[in-house]
file model-v1.txt (compact mmCIF, C-alpha atoms and all ligand atoms)
# COMPACT_ATOMS: atom_id res chain seq x y z
CA MET A 712 5.81 25.13 -22.22
CA PHE A 713 9.44 25.25 -21.08
CA GLN A 714 12.43 23.79 -22.86
CA ILE A 715 15.84 23.21 -21.37
CA ASN A 716 18.66 22.98 -23.91
CA SER A 717 20.35 19.57 -23.77
CA ASP A 718 23.74 21.32 -23.99
CA ILE A 719 24.43 22.59 -20.49
CA LYS A 720 26.77 25.26 -21.88
CA LYS A 721 23.91 26.77 -23.85
CA ALA A 722 21.07 26.05 -21.43
CA GLU A 723 19.11 28.33 -19.17
CA THR A 724 17.42 27.11 -15.97
CA ILE A 725 13.69 26.49 -15.64
CA PRO A 726 11.80 29.82 -15.48
CA SER A 727 10.43 30.99 -12.14
CA GLU A 728 6.76 30.55 -13.24
CA PHE A 729 7.33 26.85 -12.71
CA TYR A 730 7.66 27.49 -8.96
CA THR A 731 5.27 30.41 -8.58
CA ASP A 732 2.29 29.50 -10.79
CA GLU A 733 -0.30 27.19 -9.19
CA LYS A 734 -0.99 25.74 -12.65
CA TYR A 735 2.40 24.00 -12.79
CA PHE A 736 2.11 22.76 -9.22
CA GLU A 737 -1.19 21.11 -10.15
CA LEU A 738 0.19 19.81 -13.44
CA SER A 739 3.08 18.15 -11.61
CA LYS A 740 0.63 15.92 -9.69
CA LYS A 741 -0.72 14.36 -12.84
CA GLN A 742 2.35 14.54 -15.06
CA ILE A 743 5.20 13.88 -12.63
CA PHE A 744 4.09 12.35 -9.34
CA SER A 745 1.40 10.03 -10.70
CA LYS A 746 3.78 8.62 -13.31
CA THR A 747 6.79 7.95 -11.09
CA TRP A 748 7.38 5.73 -8.06
CA GLN A 749 6.90 6.57 -4.41
CA PHE A 750 8.35 4.78 -1.39
CA VAL A 751 5.31 3.62 0.58
CA ALA A 752 6.43 1.13 3.23
CA LEU A 753 9.03 -1.38 4.32
CA LYS A 754 8.30 -5.06 3.81
CA PRO A 755 8.70 -6.06 7.50
CA GLN A 756 6.14 -3.36 8.42
CA ILE A 757 3.36 -5.16 6.55
CA ASN A 758 1.80 -7.78 8.79
CA ASN A 759 -1.60 -7.96 7.22
CA VAL A 760 -3.38 -4.78 6.11
CA LYS A 761 -2.14 -1.21 6.42
CA PRO A 762 -3.57 2.05 5.04
CA ILE A 763 -1.18 4.43 3.37
CA ASP A 764 -1.49 7.70 1.49
CA LEU A 765 0.48 8.22 -1.65
CA LEU A 766 1.99 11.60 -0.70
CA PRO A 767 -0.65 12.73 1.84
CA ASN A 768 -2.22 16.19 1.35
CA PHE A 769 -0.87 16.26 -2.20
CA LEU A 770 -2.00 13.36 -4.33
CA ASP A 771 -4.86 12.40 -1.96
CA GLU A 772 -4.78 8.85 -3.19
CA PRO A 773 -5.72 6.52 -0.34
CA ILE A 774 -4.28 3.08 -0.87
CA LEU A 775 -3.89 0.04 1.30
CA ILE A 776 -1.12 -2.48 1.40
CA SER A 777 -2.04 -6.03 2.18
CA LYS A 778 -0.13 -9.24 2.58
CA ASN A 779 -2.10 -12.40 1.86
CA GLU A 780 -1.61 -15.87 3.40
CA LYS A 781 1.07 -16.67 0.82
CA GLY A 782 3.02 -13.52 1.69
CA LYS A 783 2.11 -11.76 -1.55
CA ILE A 784 2.03 -7.98 -1.22
CA ASN A 785 -0.77 -6.07 -2.92
CA CYS A 786 -1.38 -2.35 -3.18
CA LEU A 787 -5.08 -1.64 -3.62
CA SER A 788 -7.35 1.35 -3.74
CA ASN A 789 -8.55 1.93 -0.17
CA VAL A 790 -11.90 3.23 -1.38
CA CYS A 791 -15.03 1.07 -1.23
CA THR A 792 -16.49 0.34 -4.67
CA HIS A 793 -20.04 0.85 -3.32
CA ARG A 794 -20.31 4.49 -2.24
CA GLY A 795 -16.71 5.41 -1.65
CA LYS A 796 -15.99 5.04 2.07
CA ILE A 797 -12.36 4.58 3.08
CA LEU A 798 -12.09 0.88 3.86
CA VAL A 799 -9.14 0.41 6.20
CA GLU A 800 -8.45 3.31 8.56
CA CYS A 801 -5.84 1.76 10.81
CA GLU A 802 -3.39 -1.13 10.67
CA LYS A 803 -5.18 -4.42 11.17
CA ASN A 804 -4.74 -8.15 11.27
CA ILE A 805 -7.77 -9.37 9.42
CA GLU A 806 -8.77 -12.23 7.16
CA GLY A 807 -10.40 -9.98 4.62
CA ILE A 808 -11.55 -6.42 4.20
CA ARG A 809 -15.06 -5.38 5.25
CA CYS A 810 -16.44 -1.91 4.65
CA GLY A 811 -17.69 -0.26 7.83
CA TYR A 812 -20.52 1.56 6.02
CA HIS A 813 -22.79 -1.15 4.49
CA GLY A 814 -20.75 -4.31 4.94
CA ARG A 815 -19.26 -4.99 1.47
CA ARG A 816 -16.48 -7.56 1.77
CA PHE A 817 -13.27 -8.00 -0.23
CA SER A 818 -10.44 -10.53 -0.14
CA LEU A 819 -6.91 -9.43 0.75
CA ASP A 820 -6.23 -9.45 -3.00
CA GLY A 821 -9.03 -6.94 -3.54
CA LYS A 822 -11.63 -9.33 -5.00
CA PHE A 823 -15.28 -8.52 -4.27
CA LEU A 824 -16.63 -11.24 -1.96
CA SER A 825 -20.11 -10.30 -0.79
CA MET A 826 -22.59 -7.49 -0.17
CA PRO A 827 -25.74 -7.54 1.95
CA GLU A 828 -29.14 -6.52 0.51
CA PHE A 829 -28.05 -6.64 -3.12
CA GLU A 830 -30.28 -9.50 -4.28
CA GLY A 831 -31.83 -8.73 -7.65
CA VAL A 832 -29.23 -6.14 -8.67
CA GLU A 833 -28.61 -6.71 -12.35
CA LYS A 834 -25.21 -7.43 -13.84
CA PHE A 835 -23.66 -7.56 -10.39
CA PRO A 836 -20.95 -8.07 -9.33
CA THR A 837 -18.57 -7.18 -12.14
CA GLU A 838 -14.83 -6.45 -12.34
CA LYS A 839 -15.65 -2.87 -11.34
CA ASP A 840 -16.73 -4.07 -7.90
CA ASN A 841 -13.21 -5.34 -7.14
CA LEU A 842 -10.70 -2.94 -5.61
CA CYS A 843 -8.35 -1.39 -8.17
CA GLN A 844 -4.84 -2.80 -8.12
CA ILE A 845 -2.18 -0.12 -7.79
CA PRO A 846 1.18 -1.01 -9.37
CA ASN A 847 3.82 -1.83 -6.78
CA GLU A 848 7.35 -3.15 -6.82
CA THR A 849 9.76 -4.16 -4.11
CA TRP A 850 13.52 -3.57 -3.99
CA ASN A 851 15.31 -5.03 -0.97
CA ASP A 852 12.80 -4.21 1.81
CA PHE A 853 11.51 -1.05 0.16
CA ILE A 854 8.01 -1.15 -1.33
CA PHE A 855 7.27 1.42 -4.03
CA SER A 856 3.97 2.23 -5.62
CA SER A 857 2.85 4.34 -8.56
CA ILE A 858 -0.56 5.32 -9.91
CA LYS A 859 0.34 5.14 -13.59
CA PRO A 860 4.07 4.49 -14.00
CA SER A 861 5.69 5.74 -17.20
CA TYR A 862 8.56 3.28 -16.72
CA PRO A 863 9.18 0.20 -14.57
CA LEU A 864 10.86 0.83 -11.22
CA LEU A 865 14.07 -0.71 -12.55
CA ASN A 866 14.56 2.17 -15.00
CA PHE A 867 14.74 4.49 -12.00
CA ILE A 868 16.95 2.40 -9.73
CA SER A 869 19.13 0.14 -11.89
CA GLU A 870 22.24 2.33 -11.51
CA MET A 871 21.71 2.53 -7.77
CA GLU A 872 21.34 -1.23 -7.65
CA LYS A 873 24.67 -1.71 -9.46
CA THR A 874 26.58 0.80 -7.34
CA THR A 875 25.26 -0.58 -4.05
CA ASN A 876 25.62 -4.30 -4.77
CA SER A 877 28.14 -4.70 -1.96
CA PHE A 878 26.15 -2.58 0.52
CA ASP A 879 24.84 -4.58 3.49
CA PHE A 880 21.06 -4.33 3.06
CA GLU A 881 20.60 -7.53 5.08
CA ASN A 882 21.46 -5.96 8.42
CA LEU A 883 19.89 -2.58 7.73
CA ARG A 884 17.60 -1.45 10.58
CA LEU A 885 15.31 1.57 10.62
CA ILE A 886 16.31 3.49 13.75
CA SER A 887 14.41 6.75 13.34
CA THR A 888 12.06 8.77 11.18
CA LYS A 889 11.74 12.54 11.28
CA ASP A 890 9.81 15.14 9.28
CA TYR A 891 11.03 18.65 8.49
CA GLU A 892 8.85 21.44 7.10
CA VAL A 893 10.46 23.74 4.56
CA ASN A 894 8.79 26.93 3.34
CA ALA A 895 9.74 26.39 -0.28
CA HIS A 896 8.69 24.68 -3.49
CA TRP A 897 9.57 20.97 -3.54
CA ALA A 898 11.72 21.28 -6.66
CA LEU A 899 13.88 24.01 -5.09
CA TYR A 900 14.75 21.59 -2.31
CA CYS A 901 15.63 18.88 -4.88
CA GLU A 902 17.82 21.08 -7.05
CA ASN A 903 19.80 22.25 -4.04
CA TYR A 904 20.46 18.59 -3.20
CA LEU A 905 21.52 17.92 -6.77
CA GLU A 906 24.69 20.00 -6.71
CA GLY A 907 27.71 19.99 -4.43
CA PHE A 908 28.64 23.41 -5.80
CA HIS A 909 27.24 25.12 -2.70
CA ILE A 910 29.11 22.96 -0.17
CA PRO A 911 32.09 25.33 0.41
CA PHE A 912 29.72 28.31 0.74
CA VAL A 913 26.89 26.80 2.76
CA HIS A 914 28.28 23.82 4.70
CA LYS A 915 31.47 24.84 6.50
CA SER A 916 31.82 21.64 8.56
CA LEU A 917 30.93 19.25 5.71
CA ASN A 918 33.41 21.10 3.52
CA GLU A 919 36.22 20.19 5.92
CA ILE A 920 35.49 16.49 5.34
CA LEU A 921 34.74 16.38 1.62
CA ASP A 922 37.36 17.08 -1.03
CA PHE A 923 35.61 19.62 -3.25
CA GLY A 924 38.03 19.02 -6.14
CA ASN A 925 37.21 15.34 -6.08
CA TYR A 926 33.41 15.51 -5.95
CA THR A 927 31.70 13.82 -8.91
CA THR A 928 28.24 13.90 -10.48
CA GLU A 929 26.91 11.30 -12.91
CA THR A 930 23.50 11.39 -14.55
CA PHE A 931 21.46 8.41 -15.77
CA GLN A 932 18.05 7.92 -17.38
CA LEU A 933 15.91 8.74 -14.33
CA SER A 934 18.42 9.11 -11.52
CA SER A 935 21.73 10.72 -10.71
CA LEU A 936 24.64 10.00 -8.43
CA GLN A 937 26.96 12.35 -6.58
CA THR A 938 30.00 10.84 -4.91
CA GLY A 939 31.87 12.57 -2.13
CA TYR A 940 35.47 11.63 -1.32
CA ASN A 941 37.61 12.61 1.64
CA GLY A 942 41.18 13.92 1.47
CA ASN A 943 42.51 10.34 1.36
CA ASN A 944 40.48 9.61 -1.76
CA GLU A 945 38.14 7.31 0.15
CA ILE A 946 34.41 7.38 -0.60
CA GLU A 947 32.52 9.22 2.15
CA ALA A 948 29.07 9.11 0.61
CA HIS A 949 27.05 8.07 -2.40
CA TYR A 950 24.14 10.44 -2.91
CA PHE A 951 21.57 8.87 -5.23
CA PHE A 952 18.67 10.94 -6.46
CA ILE A 953 15.74 8.97 -7.84
CA PHE A 954 13.48 11.20 -9.92
CA PRO A 955 11.41 13.07 -8.92
CA ASN A 956 11.80 13.24 -5.12
CA MET A 957 13.73 10.45 -3.41
CA MET A 958 17.26 10.76 -2.06
CA PHE A 959 19.14 7.63 -1.04
CA ASN A 960 22.28 8.67 0.83
CA TYR A 961 24.71 5.82 1.51
CA TYR A 962 27.26 6.32 4.29
CA PRO A 963 29.71 3.92 5.95
CA TRP A 964 27.18 3.48 8.80
CA GLY A 965 24.07 2.91 6.69
CA LEU A 966 21.49 4.78 4.67
CA SER A 967 19.59 8.02 5.07
CA LEU A 968 16.53 8.05 2.83
CA ASN A 969 14.97 11.48 2.38
CA VAL A 970 11.63 11.78 0.65
CA VAL A 971 10.56 15.23 -0.54
CA LYS A 972 6.79 15.59 -0.14
CA PRO A 973 5.09 18.58 -1.77
CA VAL A 974 2.26 20.08 0.29
CA LYS A 975 1.66 23.51 -1.26
CA LYS A 976 3.65 25.32 -3.90
CA ASP A 977 5.64 27.03 -1.16
CA LEU A 978 5.52 24.31 1.51
CA THR A 979 7.29 20.96 1.48
CA VAL A 980 7.81 18.22 4.03
CA ILE A 981 11.05 16.26 4.01
CA SER A 982 10.79 12.84 5.62
CA TYR A 983 14.05 11.42 6.89
CA TYR A 984 14.28 7.65 7.35
CA THR A 985 17.54 6.63 9.04
CA PHE A 986 18.74 3.05 8.60
CA VAL A 987 21.88 1.70 10.26
CA ASN A 988 23.94 -1.39 9.48
CA ASP A 989 27.18 -0.52 11.29
CA GLU A 990 26.67 1.44 14.49
CA THR A 991 30.40 1.71 15.15
CA LYS A 992 30.69 4.18 12.25
CA LEU A 993 27.78 6.42 13.27
CA ASP A 994 28.74 10.06 13.79
CA THR A 995 31.81 9.87 11.61
CA GLY A 996 32.67 11.53 8.30
CA ALA A 997 30.22 13.08 5.86
CA GLY A 998 27.30 11.20 7.41
CA ALA A 999 27.78 12.79 10.84
CA ASP A 1000 25.67 15.71 11.98
CA LEU A 1001 23.17 15.54 9.14
CA GLU A 1002 20.89 17.80 11.19
CA THR A 1003 23.29 20.77 10.85
CA VAL A 1004 23.63 20.19 7.10
CA GLU A 1005 19.84 19.95 6.79
CA MET A 1006 19.31 23.27 8.61
CA GLU A 1007 21.90 24.96 6.39
CA ASP A 1008 20.21 23.59 3.26
CA GLN A 1009 16.75 24.60 4.42
CA ALA A 1010 17.85 28.17 5.13
CA VAL A 1011 19.34 28.57 1.67
CA VAL A 1012 16.35 26.95 -0.08
CA GLU A 1013 13.89 29.21 1.80
CA SER A 1014 15.97 32.19 0.71
CA VAL A 1015 15.73 31.05 -2.93
CA GLN A 1016 11.95 30.68 -2.50
CA LYS A 1017 11.81 34.41 -1.67
CA GLY A 1018 14.13 35.27 -4.55
CA ILE A 1019 12.20 33.48 -7.29
CA ASN A 1020 9.14 35.61 -6.52
CA SER A 1021 11.05 38.73 -7.52
CA SER A 1022 9.97 40.41 -10.76
CA PHE A 1023 13.67 40.93 -11.48
CA TYR A 1024 14.48 37.23 -11.59
CA ASN A 1025 13.28 34.71 -14.16
CA LYS A 1026 16.04 32.21 -14.92
CA GLY A 1027 19.79 31.69 -14.74
CA ARG A 1028 22.62 29.63 -16.29
CA TYR A 1029 24.42 26.45 -15.17
CA SER A 1030 28.01 25.67 -14.24
CA PRO A 1031 28.97 22.88 -16.70
CA ASN A 1032 31.21 21.19 -14.12
CA ARG A 1033 29.14 21.64 -10.99
CA GLU A 1034 25.47 21.70 -11.93
CA GLN A 1035 24.99 18.68 -14.19
CA GLY A 1036 22.57 17.15 -11.65
CA THR A 1037 20.37 20.24 -11.54
CA HIS A 1038 20.41 20.55 -15.35
CA HIS A 1039 19.45 16.89 -15.70
CA PHE A 1040 16.63 17.36 -13.15
CA HIS A 1041 15.26 20.36 -15.03
CA ARG A 1042 15.38 18.38 -18.29
CA LEU A 1043 13.38 15.57 -16.66
CA LEU A 1044 10.88 18.00 -15.11
CA THR A 1045 10.10 19.56 -18.48
CA LYS A 1046 10.00 16.19 -20.23
CA PHE A 1047 7.46 14.78 -17.77
CA LEU A 1048 5.39 17.97 -17.50
CA PHE A 1049 4.73 18.19 -21.21
CA GLN A 1050 4.70 14.55 -22.33
CA ASP A 1051 1.48 12.70 -23.20
S1 LIG B 1101 -19.67 2.39 1.02
FE1 LIG B 1101 -18.80 0.50 1.43
S2 LIG B 1101 -20.46 -0.83 1.65
FE2 LIG B 1101 -21.35 1.06 1.22
FE FE B 1102 23.54 21.12 0.86
call {"tool": "encode", "arguments": {"input": "model-v1.txt", "output": "structure tokens", "more": "lines below"}}
Ligand code: FES
Ligand SMILES: [Fe+2]
result
Amino acid sequence: MFQINSDIKKAETIPSEFYTDEKYFELSKKQIFSKTWQFVALKPQINNVKPIDLLPNFLDEPILISKNEKGKINCLSNVCTHRGKILVECEKNIEGIRCGYHGRRFSLDGKFLSMPEFEGVEKFPTEKDNLCQIPNETWNDFIFSSIKPSYPLLNFISEMEKTTNSFDFENLRLISTKDYEVNAHWALYCENYLEGFHIPFVHKSLNEILDFGNYTTETFQLSSLQTGYNGNNEIEAHYFFIFPNMMFNYYPWGLSLNVVKPVKKDLTVISYYTFVNDETKLDTGAGADLETVEMEDQAVVESVQKGINSSFYNKGRYSPNREQGTHHFHRLLTKFLFQD
């Protein structure tokens, strides 16, 4: 069990076993990722029924998202309650859900409807024959789901909601999605994101835009915010981190959402979703050339991945002015890992 001192001036970072021992990688599935919220789809993408994996190749939790006639969105287990076949394998416009194995039917709300050749089966059907409802919540057009949430979505996003209340979500359009593979533990990628300390050392071009002296970090219950200003004291970017793995980066042109998806303890996929609401401002300021910044971050994170395997390294200390976000993240990691 790890403990991170609440006083950043006294604290030491999380020990390297957290990143190198398979046990903690496995524990994080149950203790962190099953209890927090994941972005699963955008509302306009749901026409009728769509299969989705909650962090594919990691949580292996097949779910489906359906929209019924009244427009109500449901997240349901995508596993047939008879013998376990995956129900919906591709996006479909259907009235109800019918299993392709032995024909069990469900409504779009997951209710058991019928099953051939089951006459005479005792105490059937029961609640257990319905599809399990998976908690889901919607914020703007973003649909989030969680297997067993420790807190409502609002506890994670309320500060982001307040800060972005004048942001134009109405005209936000998804223009591209892109995946990057990083040979590093998912948490190493997150903690690099959580401090601007490295900007002058790692990001030469970004450093010319952002005023390092004026960069701020605020931490909240389950999120944190870094704000970057330019030399004229104008806000260039709001970088919101929603624990444990979502980054909402607000720029004058729109939003870059980056989701950190663990695959193996030393392999992570970063999914970039780029949304634009003002094309005239694309390619300007801190939100220009994100690809270069991403490559610079990946190189440094992959280097840390090699370093934490060293028998001469176990943990370090924090800068009280520059690493509050990383300290806060480590505190949340340990809290979730070892809570009931
Ligand atoms: S597994 Fe679905 S009907 Fe048999
Ligand atoms: Fe960076």
call {"tool": "closest_residue", "arguments": {"input": "model-v1.txt", "among": "A:Glu723, A:Glu902, A:Asp764, A:Glu828", "to": "ligand LIG 1101 (chain B)", "atoms": "all atoms listed in the file"}}
result
A:Glu828
call {"tool": "residues_near_ligand", "arguments": {"input": "model-v1.txt", "ligand": "ligand LIG 1101 (chain B)", "cutoff": "10 Å", "atoms": "only C-alpha atoms and all ligand atoms", "output": "list in words"}}
result
Val790, Cys791, Thr792, His793, Arg794, Gly795, Lys796, Ile797, Leu798, Arg809, Cys810, Gly811, Tyr812, His813, Gly814, Arg815, Arg816, Ser825, Met826 and Pro827 of chain A
call {"tool": "residues_near_ligand", "arguments": {"input": "model-v1.txt", "ligand": "ligand FE 1102 (chain B)", "cutoff": "6 Å", "atoms": "all atoms listed in the file", "output": "PDB file with C-alpha atoms, keeping the file's coordinate frame"}}
result
ATOM      1  CA  TYR A 904      20.460  18.590  -3.200  1.00  0.00           C
ATOM      2  CA  ILE A 910      29.110  22.960  -0.170  1.00  0.00           C
ATOM      3  CA  ASP A1008      20.210  23.590   3.260  1.00  0.00           C
TER       4      ASP A1008
END
call {"tool": "atom_distance", "arguments": {"input": "model-v1.txt", "atom1": "CA of Asp989 (chain A)", "atom2": "CA of Asn882 (chain A)"}}
result
8.4 Å
call {"tool": "atom_distance", "arguments": {"input": "model-v1.txt", "atom1": "CA of Trp850 (chain A)", "atom2": "CA of Val799 (chain A)"}}
result
25.2 Å
call {"tool": "atom_distance", "arguments": {"input": "model-v1.txt", "atom1": "CA of Asp879 (chain A)", "atom2": "CA of Asn988 (chain A)"}}
result
6.8 Å
call {"tool": "closest_residue", "arguments": {"input": "model-v1.txt", "among": "A:His909, A:Lys834, A:His1039, A:His896", "to": "Thr979 (chain A)", "atoms": "all atoms listed in the file"}}
result
A:His896
call {"tool": "closest_residue", "arguments": {"input": "model-v1.txt", "among": "A:Asp771, A:Asp732, A:Glu737, A:Glu1007", "to": "Leu1048 (chain A)", "atoms": "all atoms listed in the file"}}
result
A:Glu737
call {"tool": "closest_residue", "arguments": {"input": "model-v1.txt", "among": "A:Asp977, A:Glu848, A:Glu906, A:Asp890", "to": "Phe750 (chain A)", "atoms": "all atoms listed in the file"}}
result
A:Glu848
call {"tool": "residues_around", "arguments": {"input": "model-v1.txt", "residues": "Gly965 (chain A)", "least_positions_apart": "3", "cutoff": "10 Å", "atoms": "all atoms listed in the file", "output": "number ranges by chain"}}
result
A: 878-880, 882-885, 960-962, 968, 985-990, 992-993, 998
call {"tool": "closest_residue", "arguments": {"input": "model-v1.txt", "among": "A:Val1004, A:Glu772, A:Ile784, A:Tyr735", "to": "Val913 (chain A)", "atoms": "only C-alpha atoms"}}
result
A:Val1004
call {"tool": "closest_atom_pairs", "arguments": {"input": "model-v1.txt", "of": "region 991-1048 of chain A", "to": "region 924-933 of chain A", "cutoff": "9 Å", "atoms": "all atoms listed in the file", "output": "JSON lines"}}
result
{"residue": "A:Asn1032", "atom": "CA", "partner": "A:Thr928", "partner_atom": "CA", "distance": 8.7}
{"residue": "A:Arg1033", "atom": "CA", "partner": "A:Thr928", "partner_atom": "CA", "distance": 7.8}
{"residue": "A:Glu1034", "atom": "CA", "partner": "A:Thr928", "partner_atom": "CA", "distance": 8.4}
{"residue": "A:Gln1035", "atom": "CA", "partner": "A:Thr928", "partner_atom": "CA", "distance": 6.9}
{"residue": "A:Gly1036", "atom": "CA", "partner": "A:Thr930", "partner_atom": "CA", "distance": 6.5}
{"residue": "A:His1039", "atom": "CA", "partner": "A:Thr930", "partner_atom": "CA", "distance": 6.9}
{"residue": "A:Phe1040", "atom": "CA", "partner": "A:Leu933", "partner_atom": "CA", "distance": 8.7}
{"residue": "A:Leu1043", "atom": "CA", "partner": "A:Leu933", "partner_atom": "CA", "distance": 7.6}
call {"tool": "residues_around", "arguments": {"input": "model-v1.txt", "residues": "Phe729 (chain A)", "least_positions_apart": "3", "cutoff": "12 Å", "atoms": "only C-alpha atoms", "output": "number ranges by chain"}}
result
A: 712-714, 724-726, 732-739, 896-899, 976-977, 1016, 1019-1020, 1025-1026, 1041, 1044-1045, 1048
call {"tool": "closest_atom_pairs", "arguments": {"input": "model-v1.txt", "of": "region 853-873 of chain A", "to": "region 945-952 of chain A", "cutoff": "12 Å", "atoms": "all atoms listed in the file", "output": "JSON lines"}}
result
{"residue": "A:Phe867", "atom": "CA", "partner": "A:Phe952", "partner_atom": "CA", "distance": 9.4}
{"residue": "A:Ile868", "atom": "CA", "partner": "A:Phe951", "partner_atom": "CA", "distance": 9.1}
{"residue": "A:Ser869", "atom": "CA", "partner": "A:Phe951", "partner_atom": "CA", "distance": 11.2}
{"residue": "A:Glu870", "atom": "CA", "partner": "A:Phe951", "partner_atom": "CA", "distance": 9.1}
{"residue": "A:Met871", "atom": "CA", "partner": "A:Phe951", "partner_atom": "CA", "distance": 6.8}
{"residue": "A:Glu872", "atom": "CA", "partner": "A:Phe951", "partner_atom": "CA", "distance": 10.4}
{"residue": "A:Lys873", "atom": "CA", "partner": "A:Phe951", "partner_atom": "CA", "distance": 11.8}
call {"tool": "decode", "arguments": {"input": "model-v1.txt", "residues": "region 1027-1042 of chain A", "atoms": "N, CA and C atoms", "output": "compact mmCIF listing (two decimals), in the first residue's frame"}}
result
# COMPACT_ATOMS: atom_id res chain seq x y z
N GLY A 1027 10.62 10.06 -6.23
CA GLY A 1027 11.26 11.37 -6.18
C GLY A 1027 10.45 12.34 -5.32
N ARG A 1028 10.72 13.63 -5.46
CA ARG A 1028 10.01 14.67 -4.71
C ARG A 1028 9.29 15.59 -5.70
N TYR A 1029 8.44 16.49 -5.18
CA TYR A 1029 7.66 17.38 -6.06
C TYR A 1029 8.10 18.84 -5.91
N SER A 1030 7.99 19.59 -6.99
CA SER A 1030 8.11 21.05 -6.91
C SER A 1030 6.78 21.58 -6.38
N PRO A 1031 6.78 22.30 -5.25
CA PRO A 1031 5.51 22.78 -4.69
C PRO A 1031 4.77 23.76 -5.60
N ASN A 1032 5.51 24.49 -6.45
CA ASN A 1032 4.86 25.47 -7.33
C ASN A 1032 4.50 24.93 -8.69
N ARG A 1033 5.13 23.84 -9.09
CA ARG A 1033 4.99 23.40 -10.48
C ARG A 1033 4.40 22.00 -10.64
N GLU A 1034 4.28 21.26 -9.55
CA GLU A 1034 3.83 19.87 -9.71
C GLU A 1034 2.61 19.54 -8.83
N GLN A 1035 1.78 20.57 -8.59
CA GLN A 1035 0.59 20.32 -7.78
C GLN A 1035 -0.35 19.32 -8.47
N GLY A 1036 -0.43 19.41 -9.81
CA GLY A 1036 -1.33 18.52 -10.56
C GLY A 1036 -0.89 17.07 -10.45
N THR A 1037 0.41 16.84 -10.54
CA THR A 1037 0.94 15.48 -10.46
C THR A 1037 0.76 14.93 -9.04
N HIS A 1038 1.02 15.76 -8.05
CA HIS A 1038 0.84 15.37 -6.64
C HIS A 1038 -0.63 14.99 -6.38
N HIS A 1039 -1.53 15.83 -6.85
CA HIS A 1039 -2.96 15.58 -6.69
C HIS A 1039 -3.36 14.27 -7.38
N PHE A 1040 -2.82 14.02 -8.57
CA PHE A 1040 -3.10 12.78 -9.31
C PHE A 1040 -2.60 11.57 -8.53
N HIS A 1041 -1.41 11.65 -7.99
CA HIS A 1041 -0.87 10.53 -7.20
C HIS A 1041 -1.71 10.28 -5.95
N ARG A 1042 -2.19 11.36 -5.33
CA ARG A 1042 -3.06 11.22 -4.15
C ARG A 1042 -4.35 10.49 -4.54
